[in-house]
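Participant: Coordinates in my_file15.txt, compact mmCIF, C-alpha atoms, are listed below.
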```
# COMPACT_ATOMS: atom_id res chain seq x y z
CA MET E 1081 84.16 115.18 274.51
CA GLY E 1082 81.49 115.99 271.98
CA LYS E 1083 77.89 116.74 272.70
CA VAL E 1084 75.20 114.30 271.59
CA ILE E 1085 71.98 115.86 270.34
CA VAL E 1086 68.84 113.99 269.32
CA VAL E 1087 66.53 115.66 266.82
CA THR E 1088 63.11 114.21 267.54
CA SER E 1089 59.38 114.94 267.24
CA GLY E 1090 57.12 111.93 267.55
CA LYS E 1091 55.13 113.05 264.52
CA GLY E 1092 56.46 112.45 261.02
CA GLY E 1093 56.91 115.07 258.33
CA VAL E 1094 57.56 118.01 260.64
CA GLY E 1095 61.15 118.55 259.50
CA LYS E 1096 63.50 116.40 261.60
CA THR E 1097 65.77 115.37 258.76
CA THR E 1098 65.83 118.84 257.20
CA SER E 1099 66.63 120.30 260.62
CA THR E 1100 69.35 117.73 261.36
CA ALA E 1101 71.08 118.52 258.06
CA ALA E 1102 70.63 122.29 258.40
CA LEU E 1103 71.85 122.49 262.02
CA GLY E 1104 74.72 120.09 261.37
CA ALA E 1105 75.89 122.05 258.33
CA ALA E 1106 75.59 125.37 260.18
CA LEU E 1107 77.72 124.12 263.08
CA ALA E 1108 80.27 122.57 260.70
CA ARG E 1109 80.52 125.76 258.68
CA ALA E 1110 81.35 127.56 261.92
CA GLY E 1111 84.38 125.25 262.16
CA GLU E 1112 83.00 122.58 264.48
CA ASN E 1113 83.55 118.88 263.82
CA VAL E 1114 80.10 117.46 263.21
CA VAL E 1115 78.62 114.06 262.45
CA VAL E 1116 74.96 113.60 261.58
CA VAL E 1117 73.65 110.10 262.31
CA ASP E 1118 70.57 108.62 260.66
CA PHE E 1119 68.58 106.33 262.98
CA ASP E 1120 65.72 105.71 260.58
CA VAL E 1121 66.50 102.08 259.74
CA GLY E 1122 64.69 100.94 256.60
CA LEU E 1123 63.50 104.45 255.72
CA ARG E 1124 66.71 106.45 255.65
CA ASN E 1125 66.58 109.89 254.08
CA LEU E 1126 69.32 111.92 255.69
CA ASP E 1127 71.71 110.68 252.96
CA LEU E 1128 69.37 112.09 250.32
CA VAL E 1129 68.91 115.45 252.06
CA MET E 1130 72.71 115.67 252.51
CA GLY E 1131 73.29 114.73 248.86
CA ALA E 1132 75.39 111.68 249.77
CA GLU E 1133 72.98 108.96 248.58
CA ARG E 1134 75.28 107.86 245.75
CA ARG E 1135 78.20 107.34 248.09
CA VAL E 1136 76.74 105.15 250.83
CA VAL E 1137 78.72 101.93 251.30
CA TYR E 1138 78.38 100.98 254.97
CA ASP E 1139 75.90 102.01 257.62
CA LEU E 1140 75.21 102.28 261.34
CA ILE E 1141 74.18 98.61 261.63
CA ASN E 1142 77.43 97.46 259.97
CA VAL E 1143 79.33 99.43 262.61
CA VAL E 1144 77.13 98.25 265.50
CA GLN E 1145 77.66 94.64 264.40
CA GLY E 1146 81.41 95.14 264.00
CA VAL E 1147 81.47 94.36 260.25
CA VAL E 1148 83.44 97.57 259.69
CA LYS E 1149 85.16 100.12 261.87
CA LEU E 1150 83.49 103.47 262.42
CA PRO E 1151 85.86 105.56 260.21
CA GLN E 1152 85.11 103.29 257.26
CA ALA E 1153 81.37 103.99 257.45
CA LEU E 1154 81.62 107.75 257.84
CA ILE E 1155 80.96 109.75 254.67
CA ARG E 1156 82.67 113.10 254.45
CA ASP E 1157 80.59 115.96 253.07
CA LYS E 1158 81.81 117.23 249.70
CA ARG E 1159 81.28 120.88 250.58
CA ILE E 1160 82.30 121.17 254.24
CA GLU E 1161 85.21 119.04 255.31
CA THR E 1162 84.34 118.99 259.01
CA LEU E 1163 80.89 117.53 258.29
CA PHE E 1164 80.30 113.77 258.23
CA LEU E 1165 77.33 111.45 257.76
CA LEU E 1166 76.74 108.03 259.31
CA PRO E 1167 73.88 106.56 257.27
CA ALA E 1168 71.16 104.21 258.49
CA SER E 1169 70.73 100.80 256.91
CA GLN E 1170 68.10 100.66 254.21
CA THR E 1171 67.78 96.89 254.00
CA ARG E 1172 68.38 95.48 257.45
CA ASP E 1173 65.83 94.92 260.17
CA LYS E 1174 65.73 97.63 262.79
CA ASP E 1175 66.04 94.97 265.50
CA ALA E 1176 69.68 94.67 264.44
CA LEU E 1177 70.30 97.86 266.42
CA THR E 1178 71.08 96.84 269.98
CA GLU E 1179 71.25 99.24 272.86
CA ASP E 1180 74.79 98.18 273.77
CA GLY E 1181 75.93 98.47 270.17
CA VAL E 1182 74.45 101.94 269.72
CA GLY E 1183 75.96 102.98 273.06
CA ARG E 1184 79.43 101.90 271.91
CA VAL E 1185 79.13 103.73 268.58
CA ILE E 1186 77.86 106.91 270.24
CA ALA E 1187 80.68 106.75 272.79
CA GLU E 1188 83.25 106.48 269.99
CA LEU E 1189 81.64 109.30 267.99
CA ARG E 1190 81.77 111.49 271.10
CA THR E 1191 85.56 111.18 271.17
CA LYS E 1192 85.96 112.10 267.48
CA PHE E 1193 83.46 114.94 267.05
CA ASP E 1194 82.35 118.15 268.76
CA TRP E 1195 78.75 117.43 267.81
CA VAL E 1196 76.94 114.14 267.27
CA ILE E 1197 73.50 114.94 265.87
CA CYS E 1198 71.10 111.99 265.80
CA ASP E 1199 68.18 112.14 263.39
CA SER E 1200 65.39 110.17 265.06
CA PRO E 1201 62.76 108.23 263.15
CA ALA E 1202 59.13 109.30 263.67
CA GLY E 1203 57.06 107.44 266.22
CA ILE E 1204 57.87 106.27 269.72
CA GLU E 1205 59.13 102.78 268.90
CA ARG E 1206 62.56 101.28 269.35
CA GLY E 1207 64.33 103.39 266.70
CA ALA E 1208 63.14 106.61 268.28
CA THR E 1209 63.98 105.55 271.83
CA LEU E 1210 67.45 104.33 270.75
CA ALA E 1211 68.13 107.63 268.97
CA MET E 1212 67.45 109.56 272.18
CA ARG E 1213 68.88 106.98 274.60
CA PHE E 1214 72.42 108.41 274.90
CA ALA E 1215 71.68 112.06 274.15
CA ASP E 1216 72.93 114.97 276.25
CA ALA E 1217 70.30 117.28 274.79
CA ALA E 1218 67.23 117.12 272.59
CA VAL E 1219 65.94 119.34 269.83
CA ILE E 1220 62.18 118.80 269.63
CA VAL E 1221 60.94 119.73 266.17
CA ALA E 1222 57.30 120.82 266.08
CA ASN E 1223 54.85 122.62 263.84
CA SER E 1224 52.29 125.08 265.20
CA GLU E 1225 49.57 122.52 264.84
CA VAL E 1226 47.59 120.42 267.33
CA SER E 1227 48.75 116.89 266.47
CA SER E 1228 52.40 117.93 266.31
CA VAL E 1229 52.21 119.65 269.70
CA ARG E 1230 50.49 116.64 271.24
CA ASP E 1231 53.15 114.25 269.87
CA SER E 1232 55.90 116.59 271.08
CA ASP E 1233 54.46 116.37 274.57
CA ARG E 1234 54.60 112.58 274.35
CA ILE E 1235 58.24 112.72 273.22
CA ILE E 1236 59.12 115.09 276.07
CA GLY E 1237 57.72 112.47 278.45
CA LEU E 1238 60.01 109.84 276.92
CA LEU E 1239 63.04 112.15 277.03
CA ASP E 1240 62.41 112.67 280.73
CA SER E 1241 62.06 108.96 281.51
CA LYS E 1242 63.69 106.66 278.94
CA THR E 1243 67.08 108.28 278.41
CA VAL E 1244 70.28 107.34 280.23
CA LYS E 1245 70.46 110.91 281.50
CA ALA E 1246 66.92 110.76 282.91
CA GLU E 1247 67.56 107.37 284.52
CA ARG E 1248 70.59 108.84 286.29
CA GLY E 1249 68.26 111.45 287.74
CA GLU E 1250 69.79 114.25 285.69
CA ARG E 1251 67.76 116.87 283.89
CA MET E 1252 67.50 116.35 280.13
CA GLU E 1253 68.38 119.54 278.24
CA LYS E 1254 65.53 120.25 275.81
CA HIS E 1255 65.05 122.81 273.06
CA LEU E 1256 61.98 123.48 270.95
CA LEU E 1257 62.42 124.19 267.25
CA ILE E 1258 59.26 125.40 265.50
CA THR E 1259 59.43 124.65 261.79
CA ARG E 1260 57.26 125.45 258.76
CA PHE E 1261 56.01 128.57 260.51
CA ASP E 1262 53.72 130.81 258.49
CA SER E 1263 53.63 134.29 260.07
CA ALA E 1264 50.69 135.45 257.94
CA ARG E 1265 48.52 132.51 258.93
CA ALA E 1266 49.55 132.85 262.56
CA ALA E 1267 48.58 136.55 262.46
CA ARG E 1268 45.17 135.59 261.08
CA GLY E 1269 44.76 133.17 263.97
CA GLU E 1270 44.85 130.11 261.70
CA MET E 1271 47.89 128.61 263.41
CA LEU E 1272 48.66 128.13 267.05
CA ALA E 1273 50.67 131.12 268.26
CA ILE E 1274 54.29 130.46 269.28
CA GLU E 1275 53.51 131.67 272.82
CA ASP E 1276 50.70 129.11 273.09
CA VAL E 1277 52.95 126.25 271.98
CA LEU E 1278 55.67 127.35 274.41
CA GLU E 1279 53.19 127.63 277.24
CA ILE E 1280 51.69 124.19 276.56
CA LEU E 1281 55.03 122.38 276.22
CA SER E 1282 57.09 124.57 278.57
CA VAL E 1283 60.34 123.91 276.71
CA PRO E 1284 62.65 126.84 275.84
CA LEU E 1285 62.59 127.98 272.23
CA LEU E 1286 65.63 127.28 270.06
CA GLY E 1287 64.33 128.89 266.91
CA ILE E 1288 61.45 129.56 264.55
CA ILE E 1289 61.96 128.36 260.99
CA PRO E 1290 59.64 130.06 258.51
CA GLU E 1291 57.90 128.04 255.81
CA SER E 1292 59.89 128.65 252.64
CA GLU E 1293 60.40 127.31 249.15
CA ALA E 1294 64.14 127.39 249.88
CA VAL E 1295 63.73 124.25 252.02
CA LEU E 1296 62.17 122.23 249.20
CA ARG E 1297 64.80 123.50 246.79
CA ALA E 1298 67.56 122.46 249.19
CA SER E 1299 66.29 118.91 249.50
CA ASN E 1300 65.76 118.68 245.73
CA LEU E 1301 69.41 119.58 245.29
CA GLY E 1302 70.65 117.47 248.20
CA THR E 1303 72.30 120.36 250.01
CA PRO E 1304 71.44 121.43 253.57
CA VAL E 1305 69.49 124.70 253.33
CA THR E 1306 72.08 126.50 255.47
CA ILE E 1307 74.64 125.94 252.66
CA CYS E 1308 72.32 125.82 249.64
CA SER E 1309 70.84 129.28 250.05
CA SER E 1310 72.50 130.69 253.13
CA ASP E 1311 70.76 134.08 252.73
CA SER E 1312 67.28 132.60 252.71
CA ALA E 1313 64.98 133.07 255.69
CA PRO E 1314 65.07 129.41 256.85
CA ALA E 1315 68.87 129.30 256.51
CA ARG E 1316 69.29 132.39 258.66
CA ALA E 1317 66.82 130.97 261.19
CA TYR E 1318 68.68 127.63 261.32
CA THR E 1319 72.07 129.33 261.58
CA ALA E 1320 70.84 131.40 264.53
CA ALA E 1321 69.34 128.26 266.12
CA ALA E 1322 72.68 126.44 265.73
CA ARG E 1323 74.47 129.31 267.48
CA ARG E 1324 71.93 129.24 270.32
CA LEU E 1325 72.47 125.48 270.59
CA ALA E 1326 76.18 126.20 271.00
CA GLY E 1327 75.34 128.52 273.88
CA GLU E 1328 75.31 131.92 272.20
CA ASP E 1329 72.73 134.43 273.30
CA ILE E 1330 71.02 135.65 270.14
CA GLU E 1331 67.82 137.63 269.93
CA MET E 1332 64.87 135.56 268.73
CA THR E 1333 63.45 136.76 265.42
CA ILE E 1334 61.48 135.19 262.59
CA PRO E 1335 63.51 135.94 259.45
CA THR E 1336 61.60 136.69 256.26
CA ASP E 1337 62.66 136.06 252.68
CA LYS E 1338 63.85 139.21 250.97
CA LYS E 1339 61.73 139.64 247.90
CA GLY E 1340 63.45 140.60 244.69
CA PHE E 1341 62.64 143.91 243.05
CA PHE E 1342 60.32 142.37 240.47
CA ASN E 1343 58.57 140.17 242.99
CA LYS E 1344 58.02 143.19 245.20
CA LEU E 1345 56.65 145.18 242.29
CA PHE E 1346 54.30 142.55 240.98
CA GLY E 1347 53.61 140.65 244.18
CA ARG E 1348 52.30 137.14 243.76
CA ARG E 1349 51.53 137.48 240.05
CA ALA E 1350 55.19 137.36 239.21
CA ALA E 1351 55.91 134.51 241.58
CA MET O 29 56.91 131.22 229.50
CA ASN O 30 57.43 133.29 232.57
CA LEU O 31 58.92 136.68 231.83
CA PHE O 32 60.62 136.78 235.20
CA GLY O 33 61.96 133.26 235.11
CA PHE O 34 65.24 134.69 233.89
CA PHE O 35 65.87 136.32 237.26
CA ARG O 36 65.25 133.21 239.30
CA PRO O 37 67.62 130.32 239.96
CA PRO O 38 67.25 127.28 237.66
CA ALA O 39 64.52 124.84 238.68
CA SER O 40 65.61 122.24 241.21
CA ALA O 41 62.96 119.58 240.48
CA PRO O 42 64.83 118.08 237.46
CA VAL O 43 67.86 117.53 239.72
CA ALA O 44 65.62 115.84 242.30
CA ARG O 45 64.14 113.64 239.57
CA GLU O 46 67.53 112.48 238.33
CA ARG O 47 68.84 111.83 241.83
CA LEU O 48 65.78 109.75 242.66
CA GLN O 49 66.00 107.75 239.43
CA ILE O 50 69.61 106.75 240.10
CA LEU O 51 68.92 105.97 243.75
CA LEU O 52 65.74 103.96 243.22
CA GLU O 53 67.19 101.96 240.36
CA TYR O 54 69.92 100.88 242.75
CA GLU O 55 67.65 100.29 245.76
CA ARG O 56 65.08 98.24 243.86
CA LYS O 57 67.81 95.79 242.94
CA LEU O 58 69.01 95.46 246.53
CA GLY O 59 68.03 92.16 248.07
CA SER O 60 66.89 90.68 244.78
CA GLN O 61 70.34 90.19 243.32
CA VAL O 62 73.94 90.01 244.40
CA ASP O 63 75.54 93.34 245.14
CA LEU O 64 78.29 93.43 242.50
CA PHE O 65 80.24 96.09 244.38
CA ALA O 66 80.26 94.03 247.56
CA VAL O 67 81.58 91.02 245.65
CA LEU O 68 84.28 93.07 243.90
CA ARG O 69 85.28 94.68 247.17
CA GLU O 70 85.68 91.34 248.96
CA GLU O 71 87.58 89.71 246.11
CA ILE O 72 89.93 92.66 245.66
CA LEU O 73 90.75 92.54 249.35
CA GLU O 74 91.24 88.79 249.19
CA VAL O 75 93.70 89.09 246.30
CA VAL O 76 95.69 91.84 247.99
CA SER O 77 95.72 89.92 251.30
CA ARG O 78 97.35 86.99 249.52
CA HIS O 79 100.47 89.10 249.00
CA VAL O 80 100.59 91.53 251.90
CA ASN O 81 99.19 91.81 255.38
CA VAL O 82 96.20 94.09 255.15
CA ASP O 83 95.07 95.89 258.27
CA PRO O 84 91.26 95.99 257.93
CA ASP O 85 91.29 99.40 259.63
CA LYS O 86 93.49 100.80 256.86
CA VAL O 87 91.06 99.99 254.08
CA GLN O 88 88.78 102.72 252.80
CA VAL O 89 86.06 101.81 250.33
CA THR O 90 84.25 104.53 248.42
CA VAL O 91 81.60 104.30 245.73
CA ASP O 92 79.88 106.84 243.56
CA ARG O 93 76.75 105.69 241.79
CA GLY O 94 76.13 107.72 238.66
CA PRO O 95 73.52 107.75 235.90
CA LYS O 96 75.71 106.11 233.24
CA PHE O 97 78.36 104.39 235.33
CA SER O 98 79.45 103.99 238.91
CA THR O 99 82.89 103.99 240.44
CA LEU O 100 84.36 101.79 243.15
CA ALA O 101 87.55 102.76 244.91
CA VAL O 102 89.28 100.42 247.35
CA ASP O 103 92.02 102.36 249.09
CA ILE O 104 94.38 100.02 250.89
CA GLU O 105 97.22 101.31 253.01
CA ILE O 106 100.24 99.01 252.61
CA PRO O 107 103.01 99.67 255.13
CA ASN O 108 106.53 99.85 253.66
CA SER O 109 107.99 97.67 256.38
CA GLY O 110 105.16 95.91 258.19
CA GLY O 111 103.52 94.48 255.12
CA ARG O 112 105.75 91.51 254.56
CA ILE O 113 105.51 89.86 251.21
CA ARG O 114 104.13 86.40 251.46
CA ALA O 115 105.93 83.81 249.37
CA SER O 116 103.42 82.09 247.18
CA ALA O 117 105.55 79.09 246.32
```
Starting from the file, lay out its structure as structure tokens.
Facilitator:
Amino acid sequence: MGKVIVVTSGKGGVGKTTSTAALGAALARAGENVVVVDFDVGLRNLDLVMGAERRVVYDLINVVQGVVKLPQALIRDKRIETLFLLPASQTRDKDALTEDGVGRVIAELRTKFDWVICDSPAGIERGATLAMRFADAAVIVANSEVSSVRDSDRIIGLLDSKTVKAERGERMEKHLLITRFDSARAARGEMLAIEDVLEILSVPLLGIIPESEAVLRASNLGTPVTICSSDSAPARAYTAAARRLAGEDIEMTIPTDKKGFFNKLFGRRAA
Amino acid sequence: MNLFGFFRPPASAPVARERLQILLEYERKLGSQVDLFAVLREEILEVVSRHVNVDPDKVQVTVDRGPKFSTLAVDIEIPNSGGRIRASA
């Protein structure tokens, strides 16, 4: 049986979709069978970040409502054949997602894949609570910034009360993924330090993803950053995070982008 | 002209621009007019079903929306034995 992961944050724009695509691609490239599921009804973007936007025919709501069978709605990645996408509906009302329906789809995905990674919408409304409802574990995506940390705390509260696992009295497995981290600014004391965020939220750290132009480039091209530029700092950080998620014990580092010879020589002027 | 541009990968923004143009042109039409692909898909299936038994689970529909043209593929698995031919007369 596969493991269901929700990628969530409360706050928007912190990197949930980027992280879903990057973690999913990293796991799939390691040979795992992975499906990434977009729960952002009406504002889907995982298809765009995965580069599958031209190929969407059916979506999660079509499957929930029984219009099509699950295999017909799954879109296979063109680069990694063990990676699939289940898109969200762009036109339907989010109320079309019922808890029972989502539960059935998640249960079926669990039997077909090693990893079911659910990309949650921002906020704490129905879409977000449905995305986390059937999860075995959560990846909480946060930036080292006050509003993001506050919203993460709110989401942790929901994970510990509104999920099936929590209602059964089981402990929800939670991982903190810090994204858009700027080491230089953190060193100058302009960003919350990682230790401070960890202390405030008391959730174990899954990884630290450095701020990098490689992430923007990857979404421009519609390729998860872990495939697009696998040597880049964020790709290495995501790949390590994916391995930790799979239970490997890997030393925590903050990768840095290797500067080219000319960039090194001329610093920012050449950049 | 950046002297060092030669050493860097080609810009990604033009790709993003083209992808968005194709996507938004399609999405803006959604809801306001009939989805041609949905109509074609249904009618193709209807025609095929007239002659053979089609298992809805053995139908795979794929599309690829491009800048100049789009493609629609309806892949229907027709069993050699099970799909009996229906007499039309």
Participant: Could you write out as a list of chain:residue names the residues of chain O within 8 Å of chain E, counting all atoms listed in the file?
Facilitator: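 Interface list for chain O against chain E: O:Phe32, O:Ser40, O:Ala41, O:Val43, O:Ala44, O:Leu51, O:Leu58, O:Gly59, O:Asp85, O:Val87, O:Gln88, O:Val89, O:Thr90, O:Val91, O:Asp92, O:Arg93, O:Gly94.
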Participant: Could you tell me how far atom CA of Thr1243 of chain E sits from atom CA of Arg1213 of chain E, in Å to one decimal place?
Facilitator: 4.4 Å
Participant: Provide the atom CA of Glu1275 of chain E to atom CA of Ile1085 of chain E distance in Å, to one decimal place.
Facilitator: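 According to the coordinates, atom CA of Glu1275 of chain E and atom CA of Ile1085 of chain E are separated by 24.4 Å.
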Participant: Let me make sure I understand: among O:Pro107, O:Val82, O:Pro95, O:Val67, which one has the smallest atom-to-atom distance to Gln49 of chain O if we use only C-alpha atoms?
Facilitator: O:Pro95
Participant: For Ala1101 of chain E, which residue out of E:Leu1166, E:Leu1285, E:Val1182, E:Ala1215 is the nearest one, using all atoms listed in the file?
Facilitator: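 Residue with the minimum atom-to-atom distance to Ala1101 of chain E: E:Leu1166.
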Participant: Compile the contact shell of Phe1214 of chain E as JSON, numbers by chain: residues with an atom at most 12 Å away, counting only C-alpha atoms, same-chain residues fewer than 2 positions apart removed.
Facilitator: {"E": [1083, 1084, 1085, 1086, 1179, 1180, 1181, 1182, 1183, 1184, 1185, 1186, 1187, 1189, 1190, 1196, 1197, 1198, 1208, 1209, 1210, 1211, 1212, 1216, 1217, 1218, 1239, 1242, 1243, 1244, 1245, 1246, 1247, 1248, 1252]}
Participant: In file coordinates, which residues lie within 8 Å of (57.5, 123.3, 262.4) using all atoms listed in the file, given as a ChimeraX atom specification?
Facilitator: /E:1094-1095,1221-1224,1257-1261,1288-1289
Participant: Calculated over all atoms listed in the file, which of the candidates E:Val1129, E:Val1114, E:Ala1320, E:Leu1154 has the smallest distance to Thr1333 of chain E?
Facilitator: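 Using all atoms listed in the file, Thr1333 of chain E sits closest to E:Ala1320.
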Participant: Could you jot down the atom CA of Ile1160 of chain E to atom CA of Ala1105 of chain E separation for me, Å, one decimal place?
Facilitator: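 Distance reported for this atom pair: 7.7 Å.
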Participant: Determine the nearest neighbour of Arg1234 of chain E from the options E:Gly1146, E:Gly1249, E:Gly1203, E:Gly1287, counting only C-alpha atoms.
Facilitator: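 Checking each of E:Gly1146, E:Gly1249, E:Gly1203, E:Gly1287 against Arg1234 of chain E, counting only C-alpha atoms, the winner is E:Gly1203.
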Participant: So which residues touch segment 1262-1272 of chain E within 7 Å, counting all atoms listed in the file, skipping near sequence neighbours fewer than 5 positions away, as a CSV table (one decimal) with C-alpha atoms, in the frame of the given file?
Facilitator:
```csv
chain,number,residue,atom,x,y,z
E,1224,SER,CA,52.3,125.1,265.2
E,1225,GLU,CA,49.6,122.5,264.8
E,1277,VAL,CA,53.0,126.2,272.0
E,1290,PRO,CA,59.6,130.1,258.5
E,1291,GLU,CA,57.9,128.0,255.8
```
Participant: So, with all atoms listed in the file as the atoms that count, which of O:Ala101, O:Gln61, O:Leu52, O:Arg47 lies closest to Leu73 of chain O?
Facilitator: O:Ala101
Participant: Choose the residue, out of E:Leu1238, E:Ala1176, E:Ala1321, E:Ala1326, that has the smallest atom-to-atom separation from Gly1122 of chain E; count all atoms listed in the file.
Facilitator: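 Once distances to Gly1122 of chain E are computed over all atoms listed in the file, the minimum belongs to E:Ala1176.
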